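These notes concern the structure reproduced below.
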Amino acid sequence: MIDYDLQKKMKKKLKKKRYIHSVGVMYTAMNLAMRYDYDIEKAGIAGILHDCAKEYDDDEMIKLCEKNKIEITETERKAPYLLHAKLGAYMAKHEYGIDDEEILSAITWHTTGKPEMTLLDKIIFVADYIEPSRKKTDYIDSIRKYAFTDLDKAVYTELYGTLKYVQEKDAIVDENSVLAYEYYEKMMVMD
Ligand SMILES: [Fe+2]
Ligand SMILES: [Fe+2]
């Protein structure tokens, strides 16, 4: 069930800390898949691969995107690390042979989120934030709880925490995160 081959490839490719994080996301995503009746193997593949493009530096990422005709938005030009998500989905497809659109979508949106995420998008978005090796952040304890009781609430709280952090640091925020926040905020009000 677990794709040990992909796991081995990631162990070679990623720095130790990022590899440990990726394994954490893989197992957390598989647990969430059990909880929400999703395909466990697919959740594991998306989890182990989600940061497969994160070892490149900013210039390399921009170059690789341009070379492979991956669109770069204005925000991504200002904060190129965001590109590891799109580029990761591209590499999952072309280097690791993943054709499953749900897996590729979850890798694409794992950093920013977006409105109307699929179940796997949400599983990976949340697993990335709560996996066991993540440092403690303001809302992580609640998000860890919500993840297994109300996944949309976990997504909403994660977006809230991220946007708050970004505002405090005066950092760049991707427009998809803002749209996602507005979308899931409305959903929380309706509840
Ligand atoms: Fe990432
Ligand atoms: Fe990650």
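Residues are named by chain letter and number: chains run A, B, ... in the order of the structure tokens, numbers start at 1 in each chain, and ligands are numbered from 1 in the order shown.
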
Return as a PDB file with C-alpha atoms, in the first residue's frame the residues of protein, DNA or RNA that approach ligand 2 to within 8 Å, with only C-alpha atoms and all ligand atoms taken into account.
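Just written: selection38.pdb:
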```
ATOM      1  CA  ARG A  18      12.240  18.128   5.009  1.00  0.00           C
ATOM      2  CA  HIS A  21       8.356  16.517   7.484  1.00  0.00           C
ATOM      3  CA  SER A  22       7.248  14.784   4.264  1.00  0.00           C
ATOM      4  CA  VAL A  25       2.614  14.642   6.117  1.00  0.00           C
ATOM      5  CA  HIS A  50       4.014  17.466  -1.759  1.00  0.00           C
ATOM      6  CA  ASP A  51       7.366  19.227  -1.171  1.00  0.00           C
ATOM      7  CA  HIS A 110      -0.978  22.667  -0.591  1.00  0.00           C
ATOM      8  CA  THR A 111       0.674  26.004   0.195  1.00  0.00           C
ATOM      9  CA  ASP A 128       1.142  19.849   5.935  1.00  0.00           C
ATOM     10  CA  TYR A 129       0.339  22.171   8.827  1.00  0.00           C
TER      11      TYR A 129
END
```

May I have all residues of segment 59-179 of chain A that DSSP, computed from the backbone, assigns to helix (DSSP H, G or I), given as an NGL selection string?
-> :A and (59-67 or 74-78 or 80-94 or 101-108 or 119-130 or 140-149 or 151-169 or 175-179)

Could you name the residues that touch Met26 of chain A at 12 Å or less, counting only C-alpha atoms, but leaving out those on the same chain fewer than 6 positions away, as number ranges by chain? A: 2-4, 6-7, 10, 19-20, 32-33, 40-51, 123-132

For those residues, write N, CA, C and O atoms to a file as a short mmCIF file (atom, residue, chain, number, x, y, z; two decimals), in the first residue's frame.
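Dumped everything to again.cif:
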```
data_model
loop_
_atom_site.label_atom_id
_atom_site.label_comp_id
_atom_site.auth_asym_id
_atom_site.auth_seq_id
_atom_site.Cartn_x
_atom_site.Cartn_y
_atom_site.Cartn_z
N ILE A 2 1.81 1.32 0.93
CA ILE A 2 2.66 2.51 0.95
C ILE A 2 3.68 2.39 -0.18
O ILE A 2 4.28 1.34 -0.37
N ASP A 3 3.87 3.48 -0.91
CA ASP A 3 4.81 3.45 -2.01
C ASP A 3 6.23 3.72 -1.48
O ASP A 3 6.69 4.84 -1.44
N TYR A 4 6.88 2.62 -1.03
CA TYR A 4 8.21 2.77 -0.43
C TYR A 4 9.23 3.25 -1.44
O TYR A 4 10.24 3.85 -1.08
N LEU A 6 8.73 5.57 -3.80
CA LEU A 6 8.67 7.04 -3.79
C LEU A 6 9.30 7.59 -2.51
O LEU A 6 9.97 8.60 -2.52
N GLN A 7 9.04 6.89 -1.42
CA GLN A 7 9.60 7.33 -0.14
C GLN A 7 11.14 7.31 -0.19
O GLN A 7 11.80 8.23 0.27
N MET A 10 12.39 10.21 -2.22
CA MET A 10 12.32 11.47 -1.47
C MET A 10 13.43 11.54 -0.41
O MET A 10 13.98 12.59 -0.14
N TYR A 19 12.63 15.76 4.71
CA TYR A 19 12.21 14.37 4.51
C TYR A 19 11.35 13.91 5.70
O TYR A 19 10.27 13.32 5.51
N ILE A 20 11.81 14.23 6.90
CA ILE A 20 11.03 13.86 8.09
C ILE A 20 9.65 14.52 8.05
O ILE A 20 8.62 13.90 8.34
N LEU A 32 -5.96 10.90 8.00
CA LEU A 32 -7.13 11.71 7.66
C LEU A 32 -7.96 11.00 6.58
O LEU A 32 -9.19 11.06 6.59
N ALA A 33 -7.27 10.32 5.66
CA ALA A 33 -7.99 9.56 4.63
C ALA A 33 -8.84 8.46 5.28
O ALA A 33 -9.98 8.22 4.88
N ILE A 40 -6.52 5.73 0.87
CA ILE A 40 -5.36 5.91 1.76
C ILE A 40 -4.05 6.01 0.97
O ILE A 40 -3.18 6.83 1.26
N GLU A 41 -3.94 5.20 -0.07
CA GLU A 41 -2.71 5.19 -0.85
C GLU A 41 -2.50 6.52 -1.58
O GLU A 41 -1.40 7.07 -1.59
N LYS A 42 -3.58 7.03 -2.15
CA LYS A 42 -3.47 8.31 -2.86
C LYS A 42 -3.09 9.44 -1.90
O LYS A 42 -2.27 10.31 -2.23
N ALA A 43 -3.66 9.42 -0.72
CA ALA A 43 -3.32 10.44 0.28
C ALA A 43 -1.83 10.34 0.66
O ALA A 43 -1.14 11.35 0.81
N GLY A 44 -1.34 9.10 0.76
CA GLY A 44 0.07 8.89 1.09
C GLY A 44 1.01 9.39 0.00
O GLY A 44 2.03 10.03 0.28
N ILE A 45 0.63 9.11 -1.24
CA ILE A 45 1.48 9.56 -2.37
C ILE A 45 1.53 11.10 -2.40
O ILE A 45 2.60 11.70 -2.53
N ALA A 46 0.36 11.74 -2.26
CA ALA A 46 0.33 13.21 -2.27
C ALA A 46 1.17 13.75 -1.10
O ALA A 46 1.90 14.73 -1.25
N GLY A 47 1.07 13.09 0.04
CA GLY A 47 1.80 13.55 1.23
C GLY A 47 3.31 13.45 1.07
O GLY A 47 4.04 14.41 1.33
N ILE A 48 3.79 12.30 0.60
CA ILE A 48 5.25 12.12 0.50
C ILE A 48 5.83 13.03 -0.59
O ILE A 48 6.97 13.48 -0.48
N LEU A 49 5.03 13.32 -1.63
CA LEU A 49 5.57 14.12 -2.75
C LEU A 49 5.33 15.62 -2.64
O LEU A 49 5.88 16.39 -3.43
N HIS A 50 4.49 16.07 -1.68
CA HIS A 50 4.01 17.47 -1.76
C HIS A 50 5.13 18.52 -1.81
O HIS A 50 4.97 19.55 -2.43
N ASP A 51 6.27 18.25 -1.17
CA ASP A 51 7.37 19.23 -1.17
C ASP A 51 8.53 18.78 -2.06
O ASP A 51 9.67 19.23 -1.85
N ILE A 123 -7.13 17.54 2.82
CA ILE A 123 -6.34 16.61 3.63
C ILE A 123 -4.86 17.00 3.60
O ILE A 123 -4.18 17.07 4.63
N ILE A 124 -4.34 17.30 2.41
CA ILE A 124 -2.91 17.64 2.30
C ILE A 124 -2.63 19.03 2.87
O ILE A 124 -1.63 19.24 3.56
N PHE A 125 -3.54 19.96 2.62
CA PHE A 125 -3.38 21.32 3.14
C PHE A 125 -3.27 21.29 4.68
O PHE A 125 -2.39 21.92 5.27
N VAL A 126 -4.12 20.51 5.30
CA VAL A 126 -4.12 20.43 6.76
C VAL A 126 -2.97 19.55 7.27
O VAL A 126 -2.27 19.93 8.22
N ALA A 127 -2.74 18.41 6.62
CA ALA A 127 -1.66 17.51 7.07
C ALA A 127 -0.31 18.24 7.05
O ALA A 127 0.52 18.06 7.95
N ASP A 128 -0.10 19.09 6.05
CA ASP A 128 1.14 19.85 5.94
C ASP A 128 1.35 20.75 7.16
O ASP A 128 2.47 20.97 7.60
N TYR A 129 0.28 21.23 7.71
CA TYR A 129 0.34 22.17 8.83
C TYR A 129 0.45 21.49 10.19
O TYR A 129 1.05 22.03 11.11
N ILE A 130 -0.14 20.31 10.30
CA ILE A 130 -0.24 19.70 11.64
C ILE A 130 0.65 18.48 11.88
O ILE A 130 0.68 17.95 12.98
N GLU A 131 1.39 18.02 10.85
CA GLU A 131 2.14 16.77 11.03
C GLU A 131 3.04 16.89 12.28
O GLU A 131 3.42 17.98 12.65
N PRO A 132 3.35 15.74 12.90
CA PRO A 132 3.98 15.77 14.23
C PRO A 132 5.26 16.58 14.36
O PRO A 132 5.54 17.10 15.45
#
```

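Of note, atom CA of Thr157 of chain A and atom CA of Tyr36 of chain A are spaced 18.6 Å apart.
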
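You will find atom CA of Lys69 of chain A at 25.3 Å from atom CA of Thr118 of chain A.
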
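Considering only C-alpha atoms and all ligand atoms, the residue among A:Thr73, A:Asn68, A:Asn31, A:Thr108 positioned nearest to ligand 1 is A:Thr108.
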
For segment 104-154 of chain A against segment 163-178 of chain A, with a cut-off of 8 Å and counting only C-alpha atoms, what is the closest atom pair and its distance in Å to one decimal for every residue that makes the cut, ordered by chain and number, as a tab-separated table?
```
residue	atom	partner	partner_atom	distance
A:Thr112	CA	A:Ser177	CA	4.9
A:Gly113	CA	A:Ser177	CA	5.6
A:Lys114	CA	A:Asn176	CA	5.2
A:Pro115	CA	A:Asn176	CA	7.6
```

Contacts of Met61 of chain A within 9 Å, only C-alpha atoms, excl. fewer than 3 positions in-chain, as a PDB file with all heavy atoms, in the first residue's frame:
```pdb
ATOM      1  N   ALA A  53       9.587  19.641  -4.784  1.00  0.00           N
ATOM      2  CA  ALA A  53      10.322  20.684  -5.518  1.00  0.00           C
ATOM      3  C   ALA A  53      10.890  21.736  -4.578  1.00  0.00           C
ATOM      4  O   ALA A  53      11.325  22.793  -5.024  1.00  0.00           O
ATOM      5  CB  ALA A  53       9.402  21.335  -6.549  1.00  0.00           C
ATOM      6  N   LYS A  54      10.917  21.444  -3.282  1.00  0.00           N
ATOM      7  CA  LYS A  54      11.268  22.524  -2.346  1.00  0.00           C
ATOM      8  C   LYS A  54      12.759  22.713  -2.102  1.00  0.00           C
ATOM      9  O   LYS A  54      13.156  23.669  -1.434  1.00  0.00           O
ATOM     10  CB  LYS A  54      10.522  22.357  -1.020  1.00  0.00           C
ATOM     11  CG  LYS A  54      10.101  23.732  -0.497  1.00  0.00           C
ATOM     12  CD  LYS A  54       9.275  23.685   0.733  1.00  0.00           C
ATOM     13  CE  LYS A  54       9.077  25.114   1.254  1.00  0.00           C
ATOM     14  NZ  LYS A  54       8.289  25.131   2.465  1.00  0.00           N
ATOM     15  N   TYR A  56      14.925  23.441  -4.407  1.00  0.00           N
ATOM     16  CA  TYR A  56      15.483  24.406  -5.362  1.00  0.00           C
ATOM     17  C   TYR A  56      15.487  25.801  -4.754  1.00  0.00           C
ATOM     18  O   TYR A  56      14.595  26.147  -3.987  1.00  0.00           O
ATOM     19  CB  TYR A  56      14.652  24.432  -6.650  1.00  0.00           C
ATOM     20  CG  TYR A  56      14.632  23.128  -7.379  1.00  0.00           C
ATOM     21  CD1 TYR A  56      13.463  22.383  -7.476  1.00  0.00           C
ATOM     22  CD2 TYR A  56      15.793  22.629  -7.975  1.00  0.00           C
ATOM     23  CE1 TYR A  56      13.441  21.166  -8.138  1.00  0.00           C
ATOM     24  CE2 TYR A  56      15.776  21.416  -8.633  1.00  0.00           C
ATOM     25  CZ  TYR A  56      14.601  20.687  -8.716  1.00  0.00           C
ATOM     26  OH  TYR A  56      14.584  19.492  -9.364  1.00  0.00           O
ATOM     27  N   ASP A  57      16.476  26.625  -5.137  1.00  0.00           N
ATOM     28  CA  ASP A  57      16.417  28.007  -4.667  1.00  0.00           C
ATOM     29  C   ASP A  57      15.508  28.820  -5.606  1.00  0.00           C
ATOM     30  O   ASP A  57      15.060  28.316  -6.636  1.00  0.00           O
ATOM     31  CB  ASP A  57      17.822  28.615  -4.501  1.00  0.00           C
ATOM     32  CG  ASP A  57      18.574  28.735  -5.805  1.00  0.00           C
ATOM     33  OD1 ASP A  57      17.907  28.947  -6.846  1.00  0.00           O
ATOM     34  OD2 ASP A  57      19.813  28.637  -5.799  1.00  0.00           O
ATOM     35  N   ASP A  58      15.280  30.073  -5.226  1.00  0.00           N
ATOM     36  CA  ASP A  58      14.318  30.903  -5.960  1.00  0.00           C
ATOM     37  C   ASP A  58      14.617  30.973  -7.463  1.00  0.00           C
ATOM     38  O   ASP A  58      13.732  30.787  -8.293  1.00  0.00           O
ATOM     39  CB  ASP A  58      14.304  32.336  -5.384  1.00  0.00           C
ATOM     40  CG  ASP A  58      13.653  32.369  -4.009  1.00  0.00           C
ATOM     41  OD1 ASP A  58      13.204  31.296  -3.537  1.00  0.00           O
ATOM     42  OD2 ASP A  58      13.596  33.460  -3.422  1.00  0.00           O
ATOM     43  N   LEU A  64      13.124  26.837 -13.833  1.00  0.00           N
ATOM     44  CA  LEU A  64      12.457  25.569 -14.153  1.00  0.00           C
ATOM     45  C   LEU A  64      11.008  25.804 -14.590  1.00  0.00           C
ATOM     46  O   LEU A  64      10.503  25.125 -15.497  1.00  0.00           O
ATOM     47  CB  LEU A  64      12.481  24.637 -12.938  1.00  0.00           C
ATOM     48  CG  LEU A  64      13.796  23.893 -12.733  1.00  0.00           C
ATOM     49  CD1 LEU A  64      13.831  23.256 -11.347  1.00  0.00           C
ATOM     50  CD2 LEU A  64      13.978  22.814 -13.804  1.00  0.00           C
ATOM     51  N   CYS A  65      10.333  26.761 -13.958  1.00  0.00           N
ATOM     52  CA  CYS A  65       8.953  27.068 -14.357  1.00  0.00           C
ATOM     53  C   CYS A  65       8.935  27.628 -15.773  1.00  0.00           C
ATOM     54  O   CYS A  65       8.117  27.226 -16.598  1.00  0.00           O
ATOM     55  CB  CYS A  65       8.311  28.059 -13.379  1.00  0.00           C
ATOM     56  SG  CYS A  65       7.821  27.260 -11.847  1.00  0.00           S
ATOM     57  N   GLU A  66       9.838  28.553 -16.038  1.00  0.00           N
ATOM     58  CA  GLU A  66       9.866  29.146 -17.382  1.00  0.00           C
ATOM     59  C   GLU A  66      10.163  28.080 -18.433  1.00  0.00           C
ATOM     60  O   GLU A  66       9.501  28.010 -19.467  1.00  0.00           O
ATOM     61  CB  GLU A  66      10.897  30.283 -17.431  1.00  0.00           C
ATOM     62  CG  GLU A  66      10.359  31.527 -16.736  1.00  0.00           C
ATOM     63  CD  GLU A  66      11.405  32.619 -16.541  1.00  0.00           C
ATOM     64  OE1 GLU A  66      12.616  32.336 -16.715  1.00  0.00           O
ATOM     65  OE2 GLU A  66      10.992  33.752 -16.205  1.00  0.00           O
ATOM     66  N   PRO A  80       9.001  33.667  -4.698  1.00  0.00           N
ATOM     67  CA  PRO A  80       9.157  32.466  -5.535  1.00  0.00           C
ATOM     68  C   PRO A  80       9.011  31.133  -4.804  1.00  0.00           C
ATOM     69  O   PRO A  80       8.751  30.119  -5.439  1.00  0.00           O
ATOM     70  CB  PRO A  80      10.568  32.607  -6.114  1.00  0.00           C
ATOM     71  CG  PRO A  80      10.881  34.056  -6.014  1.00  0.00           C
ATOM     72  CD  PRO A  80      10.178  34.543  -4.783  1.00  0.00           C
ATOM     73  N   TYR A  81       9.178  31.128  -3.478  1.00  0.00           N
ATOM     74  CA  TYR A  81       9.038  29.836  -2.782  1.00  0.00           C
ATOM     75  C   TYR A  81       7.648  29.242  -3.019  1.00  0.00           C
ATOM     76  O   TYR A  81       7.458  28.029  -2.990  1.00  0.00           O
ATOM     77  CB  TYR A  81       9.310  29.985  -1.276  1.00  0.00           C
ATOM     78  CG  TYR A  81       8.132  30.480  -0.490  1.00  0.00           C
ATOM     79  CD1 TYR A  81       7.221  29.580   0.084  1.00  0.00           C
ATOM     80  CD2 TYR A  81       7.879  31.838  -0.368  1.00  0.00           C
ATOM     81  CE1 TYR A  81       6.117  30.024   0.775  1.00  0.00           C
ATOM     82  CE2 TYR A  81       6.771  32.289   0.322  1.00  0.00           C
ATOM     83  CZ  TYR A  81       5.894  31.379   0.893  1.00  0.00           C
ATOM     84  OH  TYR A  81       4.779  31.808   1.561  1.00  0.00           O
ATOM     85  N   LEU A  83       6.239  28.877  -5.654  1.00  0.00           N
ATOM     86  CA  LEU A  83       6.261  28.054  -6.873  1.00  0.00           C
ATOM     87  C   LEU A  83       6.533  26.579  -6.607  1.00  0.00           C
ATOM     88  O   LEU A  83       6.270  25.735  -7.464  1.00  0.00           O
ATOM     89  CB  LEU A  83       7.319  28.588  -7.848  1.00  0.00           C
ATOM     90  CG  LEU A  83       6.994  29.932  -8.517  1.00  0.00           C
ATOM     91  CD1 LEU A  83       8.221  30.455  -9.256  1.00  0.00           C
ATOM     92  CD2 LEU A  83       5.820  29.766  -9.486  1.00  0.00           C
ATOM     93  N   HIS A  84       7.071  26.240  -5.424  1.00  0.00           N
ATOM     94  CA  HIS A  84       7.404  24.824  -5.194  1.00  0.00           C
ATOM     95  C   HIS A  84       6.152  23.940  -5.268  1.00  0.00           C
ATOM     96  O   HIS A  84       6.254  22.742  -5.523  1.00  0.00           O
ATOM     97  CB  HIS A  84       8.159  24.628  -3.876  1.00  0.00           C
ATOM     98  CG  HIS A  84       7.287  24.581  -2.669  1.00  0.00           C
ATOM     99  ND1 HIS A  84       6.862  25.707  -2.002  1.00  0.00           N
ATOM    100  CD2 HIS A  84       6.728  23.533  -2.004  1.00  0.00           C
ATOM    101  CE1 HIS A  84       6.099  25.352  -0.982  1.00  0.00           C
ATOM    102  NE2 HIS A  84       5.994  24.042  -0.962  1.00  0.00           N
ATOM    103  N   LEU A  87       5.349  23.645  -9.223  1.00  0.00           N
ATOM    104  CA  LEU A  87       6.482  22.919  -9.790  1.00  0.00           C
ATOM    105  C   LEU A  87       6.514  21.487  -9.246  1.00  0.00           C
ATOM    106  O   LEU A  87       6.852  20.539  -9.970  1.00  0.00           O
ATOM    107  CB  LEU A  87       7.774  23.674  -9.450  1.00  0.00           C
ATOM    108  CG  LEU A  87       9.050  23.181 -10.109  1.00  0.00           C
ATOM    109  CD1 LEU A  87       8.956  23.231 -11.634  1.00  0.00           C
ATOM    110  CD2 LEU A  87      10.248  24.024  -9.646  1.00  0.00           C
TER     111      LEU A  87
END
```

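Closest to ligand 1 among A:Trp109, A:Tyr96, A:Tyr90, A:Tyr38 is A:Trp109, based on only C-alpha atoms and all ligand atoms.
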
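The interatomic distance for the pair atom CA of Met190 of chain A and atom CA of Arg35 of chain A works out to 23.5 Å.
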